[in-house]
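Note: the block below is run07.txt and it holds compact mmCIF, C-alpha atoms and all ligand atoms.
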```txt
# COMPACT_ATOMS: atom_id res chain seq x y z
CA MET A 149 -5.04 17.78 -11.70
CA LEU A 150 -2.38 16.16 -13.89
CA THR A 151 -3.77 14.96 -17.23
CA GLY A 152 -3.23 11.30 -16.38
CA LEU A 153 -5.19 11.63 -13.14
CA ALA A 154 -7.98 13.41 -15.00
CA GLU A 155 -8.14 10.53 -17.49
CA ILE A 156 -8.83 7.98 -14.73
CA THR A 157 -10.96 10.21 -12.55
CA ASP A 158 -14.13 8.18 -13.17
CA VAL A 159 -12.57 4.71 -12.90
CA GLY A 160 -13.58 2.80 -9.77
CA ARG A 161 -15.60 5.55 -8.10
CA ASP A 162 -17.46 4.12 -5.13
CA PRO A 163 -20.84 5.83 -4.73
CA ARG A 164 -21.59 4.06 -1.44
CA ARG A 165 -18.32 4.72 0.39
CA GLY A 166 -17.26 7.84 -1.49
CA GLY A 167 -13.86 8.06 -3.17
CA TYR A 168 -12.48 5.06 -5.07
CA SER A 169 -12.52 1.30 -4.60
CA ARG A 170 -10.00 -0.18 -7.00
CA HIS A 171 -9.12 -3.72 -6.05
CA LEU A 172 -6.76 -6.24 -7.60
CA TRP A 173 -8.00 -7.79 -10.85
CA GLN A 174 -11.55 -6.55 -10.37
CA ALA A 175 -13.26 -4.35 -12.99
CA ALA A 176 -11.75 -0.98 -11.99
CA ASP A 177 -8.23 -2.41 -11.60
CA LEU A 178 -8.46 -4.14 -14.99
CA GLU A 179 -9.61 -0.88 -16.58
CA LEU A 180 -6.71 1.00 -14.95
CA ARG A 181 -4.26 -1.61 -16.20
CA SER A 182 -5.57 -1.21 -19.76
CA TRP A 183 -5.33 2.57 -19.39
CA PHE A 184 -1.73 2.27 -18.14
CA ILE A 185 -0.73 0.00 -21.03
CA GLU A 186 -2.32 2.32 -23.57
CA ARG A 187 -0.70 5.40 -21.96
CA ALA A 188 2.73 3.75 -21.82
CA GLU A 189 2.47 2.51 -25.40
CA ARG A 190 1.66 6.04 -26.53
CA LEU A 191 5.14 6.95 -25.20
CA GLY A 192 6.62 4.05 -27.17
CA LEU A 193 7.23 2.00 -24.01
CA ASP A 194 7.04 -1.81 -24.17
CA VAL A 195 4.74 -3.18 -21.50
CA GLU A 196 5.11 -6.63 -19.97
CA THR A 197 3.30 -8.34 -17.10
CA ASP A 198 5.66 -10.14 -14.73
CA ARG A 199 4.93 -13.50 -13.09
CA ASN A 200 3.17 -11.74 -10.17
CA GLY A 201 0.89 -9.44 -12.15
CA ASN A 202 3.04 -6.31 -11.82
CA LEU A 203 3.26 -4.25 -15.04
CA TRP A 204 6.62 -3.02 -16.38
CA ALA A 205 6.77 -0.40 -19.12
CA TRP A 206 10.23 -0.28 -20.63
CA TRP A 207 11.77 2.76 -22.27
CA GLY A 208 14.19 1.05 -24.65
CA GLN A 209 15.52 -2.46 -24.16
CA PRO A 210 14.91 -4.14 -20.80
CA GLY A 211 18.23 -4.72 -19.07
CA THR A 212 20.16 -4.79 -15.84
CA ASP A 213 21.06 -1.78 -13.70
CA ALA A 214 17.80 -0.18 -14.77
CA VAL A 215 16.37 2.94 -13.19
CA VAL A 216 12.82 1.94 -12.29
CA THR A 217 10.14 4.33 -11.12
CA GLY A 218 6.44 3.89 -10.42
CA SER A 219 3.88 3.07 -7.77
CA HIS A 220 0.44 1.40 -7.72
CA LEU A 221 -3.05 2.00 -9.09
CA ASP A 222 -5.13 -0.01 -6.60
CA SER A 223 -6.78 1.69 -3.63
CA VAL A 224 -8.14 1.07 -0.17
CA PRO A 225 -11.95 0.78 0.01
CA GLY A 226 -13.26 4.33 -0.47
CA GLY A 227 -9.76 5.75 -0.95
CA GLY A 228 -8.47 8.97 -2.47
CA ALA A 229 -7.41 9.75 -6.02
CA TYR A 230 -3.70 10.25 -5.33
CA ASP A 231 -2.37 7.38 -3.17
CA GLY A 232 -0.61 5.30 -5.85
CA PRO A 233 -1.86 6.88 -9.09
CA LEU A 234 0.13 10.09 -8.48
CA GLY A 235 3.38 8.10 -8.67
CA VAL A 236 2.36 6.24 -11.83
CA VAL A 237 1.05 9.36 -13.58
CA SER A 238 4.12 11.40 -12.55
CA ALA A 239 6.39 8.70 -13.97
CA LEU A 240 4.53 8.80 -17.31
CA GLU A 241 4.72 12.62 -17.29
CA ALA A 242 8.43 12.71 -16.43
CA ILE A 243 9.39 10.21 -19.13
CA GLY A 244 7.19 12.03 -21.65
CA ARG A 245 9.03 15.26 -20.85
CA LEU A 246 12.46 13.62 -21.13
CA GLN A 247 11.51 12.19 -24.51
CA ALA A 248 10.13 15.52 -25.73
CA SER A 249 13.41 17.22 -24.82
CA GLY A 250 15.34 14.71 -26.94
CA PHE A 251 17.03 13.11 -23.94
CA VAL A 252 18.58 9.70 -24.63
CA PRO A 253 18.95 7.48 -21.56
CA SER A 254 22.28 5.77 -21.01
CA ARG A 255 20.76 3.09 -18.77
CA PRO A 256 17.62 0.96 -19.11
CA CYS A 257 14.56 2.63 -17.62
CA ALA A 258 11.10 1.34 -16.73
CA ILE A 259 7.87 2.34 -15.05
CA LEU A 260 6.68 -0.32 -12.63
CA MET A 261 3.01 -0.59 -11.62
CA PHE A 262 2.68 -2.83 -8.57
CA ALA A 263 -0.24 -5.19 -7.99
CA GLU A 264 -2.31 -5.06 -4.74
CA GLU A 265 -0.22 -2.50 -2.83
CA GLU A 266 -3.03 -1.80 -0.38
CA GLY A 267 -3.84 -5.43 0.31
CA SER A 268 -7.49 -4.44 0.05
CA ARG A 269 -8.58 -7.61 -1.70
CA PHE A 270 -6.29 -10.33 -0.28
CA GLY A 271 -5.31 -8.76 3.06
CA VAL A 272 -1.54 -8.56 2.63
CA ALA A 273 -0.18 -5.09 1.87
CA CYS A 274 2.41 -4.67 -0.92
CA LEU A 275 1.58 -8.14 -2.23
CA GLY A 276 3.02 -7.55 -5.72
CA SER A 277 6.35 -6.25 -4.44
CA ARG A 278 6.52 -8.90 -1.69
CA LEU A 279 6.03 -11.68 -4.25
CA LEU A 280 8.59 -10.11 -6.59
CA ALA A 281 11.13 -9.76 -3.78
CA GLY A 282 10.43 -13.13 -2.19
CA ALA A 283 9.14 -11.42 0.95
CA ILE A 284 6.11 -13.73 1.07
CA ASP A 285 6.04 -17.46 0.52
CA ALA A 286 4.37 -18.29 -2.81
CA ASP A 287 2.22 -21.09 -1.35
CA GLN A 288 1.04 -18.81 1.43
CA ALA A 289 0.19 -16.14 -1.16
CA ARG A 290 -1.66 -18.55 -3.46
CA ALA A 291 -3.89 -19.60 -0.55
CA LEU A 292 -4.89 -16.04 0.46
CA THR A 293 -8.62 -15.48 0.05
CA ASP A 294 -10.71 -12.41 -0.63
CA ARG A 295 -13.98 -11.59 1.18
CA ASP A 296 -15.90 -13.91 -1.17
CA GLY A 297 -13.58 -16.84 -0.51
CA VAL A 298 -11.82 -16.60 -3.90
CA THR A 299 -8.15 -17.58 -3.57
CA LEU A 300 -5.34 -15.50 -5.04
CA ALA A 301 -4.51 -18.52 -7.20
CA GLU A 302 -8.06 -18.60 -8.61
CA ALA A 303 -8.13 -14.83 -9.16
CA ALA A 304 -4.76 -14.95 -10.93
CA GLN A 305 -5.86 -17.80 -13.18
CA LYS A 306 -8.99 -15.89 -14.15
CA VAL A 307 -6.95 -12.96 -15.53
CA GLY A 308 -4.36 -15.14 -17.26
CA VAL A 309 -1.59 -14.96 -14.64
CA ASP A 310 -0.36 -18.52 -14.06
CA PRO A 311 -0.67 -19.15 -10.30
CA ALA A 312 2.10 -21.77 -10.49
CA HIS A 313 4.51 -18.99 -11.46
CA LEU A 314 3.65 -16.62 -8.58
CA GLY A 315 6.63 -16.00 -6.33
CA VAL A 316 10.11 -14.56 -6.12
CA ASP A 317 11.24 -13.17 -9.47
CA ARG A 318 15.04 -13.10 -9.35
CA ASP A 319 15.38 -12.11 -13.01
CA ALA A 320 13.08 -9.11 -12.61
CA LEU A 321 14.77 -8.13 -9.36
CA ALA A 322 18.22 -8.38 -10.92
CA ARG A 323 17.23 -5.80 -13.52
CA ILE A 324 16.54 -3.08 -10.93
CA GLY A 325 19.56 -0.85 -10.38
CA LEU A 326 17.49 1.65 -8.42
CA PHE A 327 13.80 2.00 -7.59
CA LEU A 328 12.36 5.47 -7.09
CA GLU A 329 8.72 5.89 -6.02
CA LEU A 330 6.93 9.22 -5.97
CA HIS A 331 3.93 9.28 -3.62
CA VAL A 332 1.44 11.74 -2.20
CA GLU A 333 2.24 12.45 1.43
CA GLN A 334 -0.14 10.77 3.86
CA GLY A 335 0.27 13.05 6.85
CA ARG A 336 0.94 16.68 7.67
CA GLY A 337 4.75 16.67 7.38
CA LEU A 338 5.03 18.87 4.29
CA ILE A 339 2.24 21.20 5.44
CA ASP A 340 4.21 21.83 8.62
CA LEU A 341 7.47 22.29 6.68
CA GLY A 342 5.81 24.59 4.13
CA GLN A 343 7.41 22.63 1.29
CA PRO A 344 5.92 20.95 -1.79
CA VAL A 345 8.34 18.00 -2.06
CA ALA A 346 10.50 15.87 0.26
CA VAL A 347 12.78 12.85 0.07
CA ALA A 348 11.71 9.92 2.26
CA SER A 349 13.92 9.02 5.20
CA SER A 350 12.15 6.08 6.85
CA ILE A 351 8.98 4.01 7.17
CA LEU A 352 7.47 2.84 10.46
CA ALA A 353 7.45 -0.88 11.23
CA HIS A 354 3.89 -2.09 10.69
CA GLY A 355 1.69 -5.11 10.38
CA ARG A 356 -1.81 -6.49 10.34
CA TRP A 357 -3.38 -8.93 12.77
CA ARG A 358 -6.75 -10.68 12.84
CA LEU A 359 -8.52 -10.59 16.20
CA SER A 360 -11.06 -13.36 16.49
CA VAL A 361 -13.41 -13.26 19.49
CA THR A 362 -15.69 -16.25 20.06
CA GLY A 363 -18.73 -16.37 22.35
CA GLN A 364 -22.17 -17.98 22.19
CA GLY A 365 -24.62 -17.07 19.47
CA ASN A 366 -28.09 -16.67 20.97
CA HIS A 367 -31.50 -15.01 20.85
CA ALA A 368 -31.57 -11.23 21.46
CA GLY A 369 -34.92 -11.50 23.29
CA GLY A 370 -34.66 -14.86 24.98
CA THR A 371 -31.25 -14.37 26.60
CA THR A 372 -31.06 -12.28 29.77
CA MET A 373 -28.16 -9.87 30.07
CA SER A 374 -26.47 -11.98 32.76
CA GLU A 375 -26.65 -15.16 30.64
CA ARG A 376 -24.77 -13.70 27.68
CA ARG A 377 -21.35 -14.54 26.26
CA ASP A 378 -21.41 -11.76 23.70
CA PRO A 379 -18.28 -11.40 21.53
CA MET A 380 -19.49 -8.02 20.26
CA VAL A 381 -19.25 -6.55 23.76
CA ALA A 382 -15.87 -8.25 24.29
CA THR A 383 -14.62 -6.83 21.01
CA ALA A 384 -15.83 -3.33 21.90
CA ALA A 385 -13.82 -3.54 25.15
CA ALA A 386 -10.82 -4.91 23.24
CA ILE A 387 -10.99 -1.97 20.81
CA VAL A 388 -10.89 0.47 23.71
CA GLY A 389 -7.83 -1.51 24.86
CA VAL A 390 -6.21 -1.03 21.44
CA GLN A 391 -6.51 2.72 21.80
CA THR A 392 -5.29 2.70 25.40
CA ALA A 393 -2.27 0.52 24.57
CA ALA A 394 -1.18 2.81 21.72
CA ARG A 395 -1.79 5.99 23.70
CA ASN A 396 0.33 4.61 26.54
CA ARG A 397 3.25 4.03 24.16
CA PRO A 398 4.37 7.35 22.66
CA GLY A 399 4.82 7.37 18.89
CA THR A 400 2.95 4.10 18.31
CA ARG A 401 -0.25 3.83 16.27
CA ALA A 402 -2.95 1.19 16.37
CA THR A 403 -6.19 0.99 14.45
CA ILE A 404 -9.18 -1.30 14.11
CA GLY A 405 -10.69 -0.22 10.79
CA ARG A 406 -12.72 -3.28 9.92
CA ILE A 407 -15.01 -5.58 11.88
CA GLU A 408 -17.33 -8.46 10.98
CA ALA A 409 -19.96 -10.12 13.14
CA MET A 410 -21.02 -13.72 12.55
CA PRO A 411 -23.81 -14.37 11.72
CA GLY A 412 -24.65 -10.64 11.65
CA GLY A 413 -28.34 -10.34 12.55
CA THR A 414 -29.90 -7.42 14.44
CA ASN A 415 -31.85 -9.80 16.69
CA VAL A 416 -28.96 -12.27 17.08
CA ILE A 417 -26.21 -12.21 19.71
CA ALA A 418 -23.14 -12.89 17.57
CA SER A 419 -21.26 -16.18 17.91
CA ARG A 420 -18.00 -14.70 16.68
CA VAL A 421 -16.61 -11.27 15.89
CA THR A 422 -13.54 -10.72 13.75
CA ALA A 423 -11.70 -7.40 13.86
CA TRP A 424 -8.57 -6.45 11.95
CA LEU A 425 -5.76 -4.62 13.71
CA ASP A 426 -3.19 -2.38 12.03
CA ALA A 427 -0.29 -1.54 14.39
CA ARG A 428 2.79 0.61 13.74
CA ALA A 429 5.79 2.01 15.60
CA GLU A 430 9.26 3.36 14.94
CA THR A 431 11.07 0.08 15.59
CA ASP A 432 10.19 -3.57 15.09
CA GLN A 433 10.55 -4.19 18.82
CA GLU A 434 8.22 -1.35 19.85
CA THR A 435 5.64 -2.65 17.38
CA ARG A 436 5.91 -6.19 18.75
CA LEU A 437 5.57 -4.91 22.33
CA LEU A 438 2.53 -2.84 21.37
CA VAL A 439 0.86 -5.87 19.78
CA ALA A 440 1.67 -8.06 22.80
CA ASP A 441 0.04 -5.43 25.04
CA ILE A 442 -3.03 -5.33 22.78
CA ALA A 443 -3.25 -9.15 22.78
CA GLU A 444 -3.24 -9.20 26.58
CA ARG A 445 -5.96 -6.55 26.78
CA ALA A 446 -8.05 -8.46 24.23
CA GLN A 447 -7.72 -11.71 26.25
CA GLN A 448 -8.87 -9.89 29.38
CA ALA A 449 -11.79 -8.25 27.56
CA ALA A 450 -12.82 -11.66 26.20
CA ALA A 451 -12.53 -13.42 29.58
CA GLN A 452 -14.61 -10.72 31.31
CA ASN A 453 -17.40 -11.44 28.83
CA GLY A 454 -17.22 -15.25 28.91
CA CYS A 455 -15.55 -15.31 25.49
CA SER A 456 -12.17 -16.34 24.09
CA ALA A 457 -9.87 -14.32 21.81
CA THR A 458 -7.01 -15.10 19.45
CA LEU A 459 -4.76 -12.65 17.61
CA THR A 460 -3.19 -13.95 14.39
CA GLU A 461 -0.55 -12.14 12.32
CA GLU A 462 -1.61 -11.62 8.70
CA SER A 463 1.32 -9.50 7.50
CA TRP A 464 4.45 -7.85 8.80
CA ALA A 465 6.84 -5.18 7.46
CA GLY A 466 9.89 -4.23 9.49
CA ALA A 467 10.98 -0.60 9.86
CA VAL A 468 12.78 0.81 6.81
CA GLN A 469 15.61 3.34 6.77
CA PHE A 470 16.20 4.45 3.19
CA GLN A 471 19.91 4.54 2.24
CA PRO A 472 21.48 7.72 3.69
CA GLY A 473 23.77 8.09 0.66
CA LEU A 474 20.89 8.12 -1.81
CA ARG A 475 18.86 10.44 0.41
CA ALA A 476 21.72 12.95 0.62
CA ARG A 477 22.33 12.74 -3.12
CA PHE A 478 18.67 13.36 -3.94
CA THR A 479 18.01 16.13 -1.41
CA GLN A 480 21.09 17.94 -2.70
CA ALA A 481 20.20 17.45 -6.37
CA LEU A 482 16.75 18.89 -5.64
CA GLY A 483 18.11 22.01 -3.95
CA GLN A 484 18.09 20.92 -0.31
CA VAL A 485 14.50 19.69 -0.12
CA PRO A 486 13.70 18.26 3.33
CA GLU A 487 13.79 14.63 4.36
CA LEU A 488 10.61 13.21 5.82
CA ALA A 489 9.68 10.04 7.69
CA THR A 490 6.38 8.33 6.94
CA GLY A 491 3.95 6.13 8.80
CA ALA A 492 2.56 4.67 5.56
CA GLY A 493 3.81 1.47 3.97
CA HIS A 494 5.12 1.42 0.38
CA ASP A 495 6.41 -0.99 -2.26
CA ALA A 496 9.67 1.01 -2.19
CA GLY A 497 10.00 -0.08 1.44
CA VAL A 498 9.67 -3.74 0.47
CA LEU A 499 12.17 -3.39 -2.38
CA ALA A 500 14.63 -1.49 -0.14
CA ALA A 501 15.65 -4.80 1.46
CA GLN A 502 16.86 -6.04 -1.96
CA VAL A 503 17.80 -3.09 -4.18
CA PRO A 504 18.69 0.60 -3.68
CA SER A 505 15.36 2.35 -3.22
CA ALA A 506 14.21 5.88 -2.56
CA MET A 507 11.01 7.90 -2.42
CA LEU A 508 9.72 11.39 -3.09
CA PHE A 509 6.70 12.79 -1.27
CA VAL A 510 4.36 15.47 -2.62
CA ARG A 511 2.49 17.73 -0.18
CA ASN A 512 -1.11 16.85 0.66
CA PRO A 513 -2.80 20.07 1.86
CA THR A 514 -5.58 18.23 3.70
CA GLY A 515 -3.17 15.97 5.58
CA ILE A 516 -5.83 13.28 5.01
CA SER A 517 -5.21 10.04 3.14
CA HIS A 518 -6.99 6.69 2.62
CA ALA A 519 -10.13 8.84 2.38
CA PRO A 520 -11.79 10.90 -0.36
CA GLU A 521 -10.37 14.15 1.08
CA GLU A 522 -6.82 13.15 0.07
CA PHE A 523 -5.52 15.88 -2.25
CA ALA A 524 -2.54 17.51 -3.95
CA GLU A 525 -2.54 20.98 -5.52
CA MET A 526 -1.71 21.11 -9.23
CA ALA A 527 1.37 23.26 -8.53
CA ASP A 528 2.68 20.66 -6.06
CA CYS A 529 2.01 17.80 -8.48
CA VAL A 530 4.04 19.73 -11.06
CA ALA A 531 6.81 20.25 -8.49
CA GLY A 532 6.77 16.48 -7.95
CA VAL A 533 7.08 15.77 -11.69
CA ASP A 534 9.87 18.39 -11.91
CA ALA A 535 11.75 16.61 -9.10
CA LEU A 536 11.24 13.17 -10.63
CA GLU A 537 12.30 14.38 -14.07
CA LEU A 538 15.43 16.00 -12.63
CA LEU A 539 16.43 12.84 -10.76
CA LEU A 540 15.71 10.57 -13.74
CA ARG A 541 17.77 12.87 -15.96
CA GLU A 542 20.67 12.62 -13.51
CA LEU A 543 20.35 8.86 -12.95
CA LEU A 544 19.88 8.02 -16.61
C1 LIG B 601 -0.57 1.73 2.81
O1 LIG B 601 -0.83 2.85 2.40
C2 LIG B 601 -0.44 1.49 4.23
O2 LIG B 601 0.39 2.16 4.87
O3 LIG B 601 -1.21 0.70 4.77
MN MN B 602 -2.24 3.56 0.76
MN MN B 603 0.31 4.02 -1.71
```
Turn this file's structure into structure tokens for me.
Amino acid sequence: MLTGLAEITDVGRDPRRGGYSRHLWQAADLELRSWFIERAERLGLDVETDRNGNLWAWWGQPGTDAVVTGSHLDSVPGGGAYDGPLGVVSALEAIGRLQASGFVPSRPCAILMFAEEEGSRFGVACLGSRLLAGAIDADQARALTDRDGVTLAEAAQKVGVDPAHLGVDRDALARIGLFLELHVEQGRGLIDLGQPVAVASSILAHGRWRLSVTGQGNHAGGTTMSERRDPMVATAAAIVGVQTAARNRPGTRATIGRIEAMPGGTNVIASRVTAWLDARAETDQETRLLVADIAERAQQAAAQNGCSATLTEESWAGAVQFQPGLRARFTQALGQVPELATGAGHDAGVLAAQVPSAMLFVRNPTGISHAPEEFAEMADCVAGVDALELLLRELL
């Protein structure tokens, strides 16, 4: 394990779920931010927090046309140790190595640590980069709530980020000449290719929707089976429909990974069930068609159980093709490493709509991610740092 990862190995461990739960501006995230600042300052970098809570660590004077690298430190609930932190730690390692070799950059350079990439607290993935890039309306963002009903505005205020200033940050954006994110791979692509490192080619279109199924809350003993309007049963049928819809459409992916019953009693027929859908496909249109199919199946499942269903979009990210010119330049510089598509979303994908952006992937020998089994061998992590260092040296 890289030293930086070892230093944060105990931060945000989740004994109940396994793995890590590191959520925006909660204790583990605040500890990771302090660690990042301390680590960056040890390299002589100047750290600033932008108006959206993203951290920038500048090597030399901040300026325009900067080469910016980094990733995120937050996690999904019960996530792995590498998704996000590997990119931040590799950036610190690569800059440390450049400094140790006496290299003097000819362009401004910064490490960027994005806030709330996973959307685990406020529901919208890549929230920090979306706010920075103006890819989410600031009022809409301020009103987002966490599972305890705390708004993003309130949470920001509590940690000293002025909620009035959340939103598109044209000055910060104008400083980025190129953004390069290193990330652990989240599938089996590099296992199959037998390679430690790849350059990203594309990201699937993806989004999140809230499925709300309403029935009639009632007594588990007093209500005969034929009298029921049970949204739990309707939701179960809708979830089977989610799987069927995605299986019928080759290459698409759909997941219900979270569900909540109201009021949530063992001897109570629920009055409402909320389930969250994550749907992805190669193109925006295929993703929209998949979701329309799922919505229809959910309506049918609800009607068959005397319930009603609504599907509401919570976030959307169109498909991303990283710039072919940058991809070719980087694969060549790295000795013809492969290009690889990904089904996972990334801040680099959000920034790609505004500034030249690219990504490096590091092999994950388990092929598992968003779970404690996510892994990267030390030798592959080193290969990732080598690749990042080489590209930074060339770009800077
Ligand atoms: C983030 O990792 C996502 O793809 O949801
Ligand atoms: Mn992730
Ligand atoms: Mn990630």
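A distance cut-off of 8 Å around (-14.2, -9.3, 8.1), counting only C-alpha atoms, selects these protein and nucleic acid residues: Arg295, Arg406, Ile407, Glu408, Ala409, Thr422, Ala423 and Trp424 of chain A.
A distance search around ligand LIG 601 (chain B) (9 Å at most, only C-alpha atoms and all ligand atoms) returns the following protein and nucleic acid residues: Ser223, Val224, Asp231, Gly232, Glu265, Glu266, Gly267, Ala273, Cys274, Gln334, His354, Gly355, Asp426, Thr490, Gly491, Ala492, Gly493, His494, Ser517 and His518 of chain A.
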What's the 12 Å shell around A:Arg187, counting all atoms listed in the file, without same-chain residues fewer than 5 positions away, as a PDB file with C-alpha atoms, in the coordinates of the input?
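So the final result, stored in around.pdb, reads:
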```
ATOM      1  CA  THR A 151      -3.770  14.960 -17.230  1.00  0.00           C
ATOM      2  CA  GLY A 152      -3.230  11.300 -16.380  1.00  0.00           C
ATOM      3  CA  LEU A 153      -5.190  11.630 -13.140  1.00  0.00           C
ATOM      4  CA  GLU A 155      -8.140  10.530 -17.490  1.00  0.00           C
ATOM      5  CA  ILE A 156      -8.830   7.980 -14.730  1.00  0.00           C
ATOM      6  CA  LEU A 180      -6.710   1.000 -14.950  1.00  0.00           C
ATOM      7  CA  ARG A 181      -4.260  -1.610 -16.200  1.00  0.00           C
ATOM      8  CA  SER A 182      -5.570  -1.210 -19.760  1.00  0.00           C
ATOM      9  CA  GLY A 192       6.620   4.050 -27.170  1.00  0.00           C
ATOM     10  CA  LEU A 193       7.230   2.000 -24.010  1.00  0.00           C
ATOM     11  CA  ASP A 194       7.040  -1.810 -24.170  1.00  0.00           C
ATOM     12  CA  VAL A 195       4.740  -3.180 -21.500  1.00  0.00           C
ATOM     13  CA  ALA A 205       6.770  -0.400 -19.120  1.00  0.00           C
ATOM     14  CA  VAL A 236       2.360   6.240 -11.830  1.00  0.00           C
ATOM     15  CA  VAL A 237       1.050   9.360 -13.580  1.00  0.00           C
ATOM     16  CA  ALA A 239       6.390   8.700 -13.970  1.00  0.00           C
ATOM     17  CA  LEU A 240       4.530   8.800 -17.310  1.00  0.00           C
ATOM     18  CA  GLU A 241       4.720  12.620 -17.290  1.00  0.00           C
ATOM     19  CA  ILE A 243       9.390  10.210 -19.130  1.00  0.00           C
ATOM     20  CA  GLY A 244       7.190  12.030 -21.650  1.00  0.00           C
ATOM     21  CA  ILE A 259       7.870   2.340 -15.050  1.00  0.00           C
TER      22      ILE A 259
END
```
- Query: Once you count all atoms listed in the file, which residues end up no further than 12 Å from (9.0, 17.9, -11.2) in the file's frame, shown as a PyMOL selection string?
  - Reply: chain A and resi 150+235+237-243+245-246+330+344-346+482+508-510+526-541
- Query: Which is closest to A:Arg269 among A:Asp213, A:Glu333, A:Asp378, A:Asp294, if we use all atoms listed in the file?
  - Reply: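 Looking only at the distances to A:Arg269, the closest residue turns out to be A:Asp294.
When the distance limit is 8 Å and only C-alpha atoms are what count, the residues near A:Val468, minus those fewer than 2 positions from it on the same chain, are A:Ser350, A:Ile351, A:Leu352, A:Ala353, A:Gly466, A:Phe470, A:Gly497, A:Ala500.
Using all atoms listed in the file, the nearest neighbour of ligand MN 603 (chain B) within the list A:Ala154, A:Leu191, A:Ala263, A:Leu300 is A:Ala263.
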- Message: Show me, as a ChimeraX atom specification, the residues that have an atom within 12 Å of A:Arg199 when counting all atoms listed in the file, minus same-chain residues fewer than 3 positions from it.
- Response: /A:196,202-204,262-263,276-277,279-281,286,304-305,308-321
Residues within 12 Å of stretch 163-168 of chain A, please, as a PDB file with C-alpha atoms, in the coordinates of the input. Count only C-alpha atoms; anything in the same chain fewer than 6 positions from it doesn't count.
```pdb
ATOM      1  CA  ILE A 156      -8.830   7.980 -14.730  1.00  0.00           C
ATOM      2  CA  THR A 157     -10.960  10.210 -12.550  1.00  0.00           C
ATOM      3  CA  ALA A 176     -11.750  -0.980 -11.990  1.00  0.00           C
ATOM      4  CA  ASP A 177      -8.230  -2.410 -11.600  1.00  0.00           C
ATOM      5  CA  LEU A 221      -3.050   2.000  -9.090  1.00  0.00           C
ATOM      6  CA  ASP A 222      -5.130  -0.010  -6.600  1.00  0.00           C
ATOM      7  CA  SER A 223      -6.780   1.690  -3.630  1.00  0.00           C
ATOM      8  CA  VAL A 224      -8.140   1.070  -0.170  1.00  0.00           C
ATOM      9  CA  PRO A 225     -11.950   0.780   0.010  1.00  0.00           C
ATOM     10  CA  GLY A 226     -13.260   4.330  -0.470  1.00  0.00           C
ATOM     11  CA  GLY A 227      -9.760   5.750  -0.950  1.00  0.00           C
ATOM     12  CA  GLY A 228      -8.470   8.970  -2.470  1.00  0.00           C
ATOM     13  CA  ALA A 229      -7.410   9.750  -6.020  1.00  0.00           C
ATOM     14  CA  TYR A 230      -3.700  10.250  -5.330  1.00  0.00           C
ATOM     15  CA  ASP A 231      -2.370   7.380  -3.170  1.00  0.00           C
ATOM     16  CA  GLY A 232      -0.610   5.300  -5.850  1.00  0.00           C
ATOM     17  CA  PRO A 233      -1.860   6.880  -9.090  1.00  0.00           C
ATOM     18  CA  SER A 268      -7.490  -4.440   0.050  1.00  0.00           C
ATOM     19  CA  SER A 517      -5.210  10.040   3.140  1.00  0.00           C
ATOM     20  CA  HIS A 518      -6.990   6.690   2.620  1.00  0.00           C
ATOM     21  CA  ALA A 519     -10.130   8.840   2.380  1.00  0.00           C
ATOM     22  CA  PRO A 520     -11.790  10.900  -0.360  1.00  0.00           C
ATOM     23  CA  GLU A 521     -10.370  14.150   1.080  1.00  0.00           C
ATOM     24  CA  GLU A 522      -6.820  13.150   0.070  1.00  0.00           C
ATOM     25  CA  PHE A 523      -5.520  15.880  -2.250  1.00  0.00           C
TER      26      PHE A 523
END
```
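Among the candidates A:Val332, A:Leu338, A:Leu544, A:Ala449, the one nearest to ligand MN 602 (chain B) when counting only C-alpha atoms and all ligand atoms is A:Val332.
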- Message: For A:Thr293, find every residue with an atom within 12 Å (counting all atoms listed in the file), except residues of its own chain fewer than 4 positions away, and show them as a count of residues only.
- Response: 17
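Closest approach to ligand MN 603 (chain B) among A:Gly211, A:Asp495, A:Thr414, A:Arg477 is made by A:Asp495 (distances from all atoms listed in the file).
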- Message: Using only C-alpha atoms and all ligand atoms, can you tell me which of A:Ser219, A:Glu189, A:Asn396, A:Ser456 comes closest to ligand MN 603 (chain B)?
- Response: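 Of A:Ser219, A:Glu189, A:Asn396, A:Ser456, the one nearest ligand MN 603 (chain B) is A:Ser219, counting only C-alpha atoms and all ligand atoms.
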- Task: Could you please determine the separation between atom CA of A:Leu178 and atom CA of A:Arg356 in Å, to one decimal place?
- Result: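 For atom CA of A:Leu178 relative to atom CA of A:Arg356, the distance reads 26.3 Å.
Rounded to one decimal, atom CA of A:Leu326 and atom CA of A:Leu474 lie 9.9 Å from each other.
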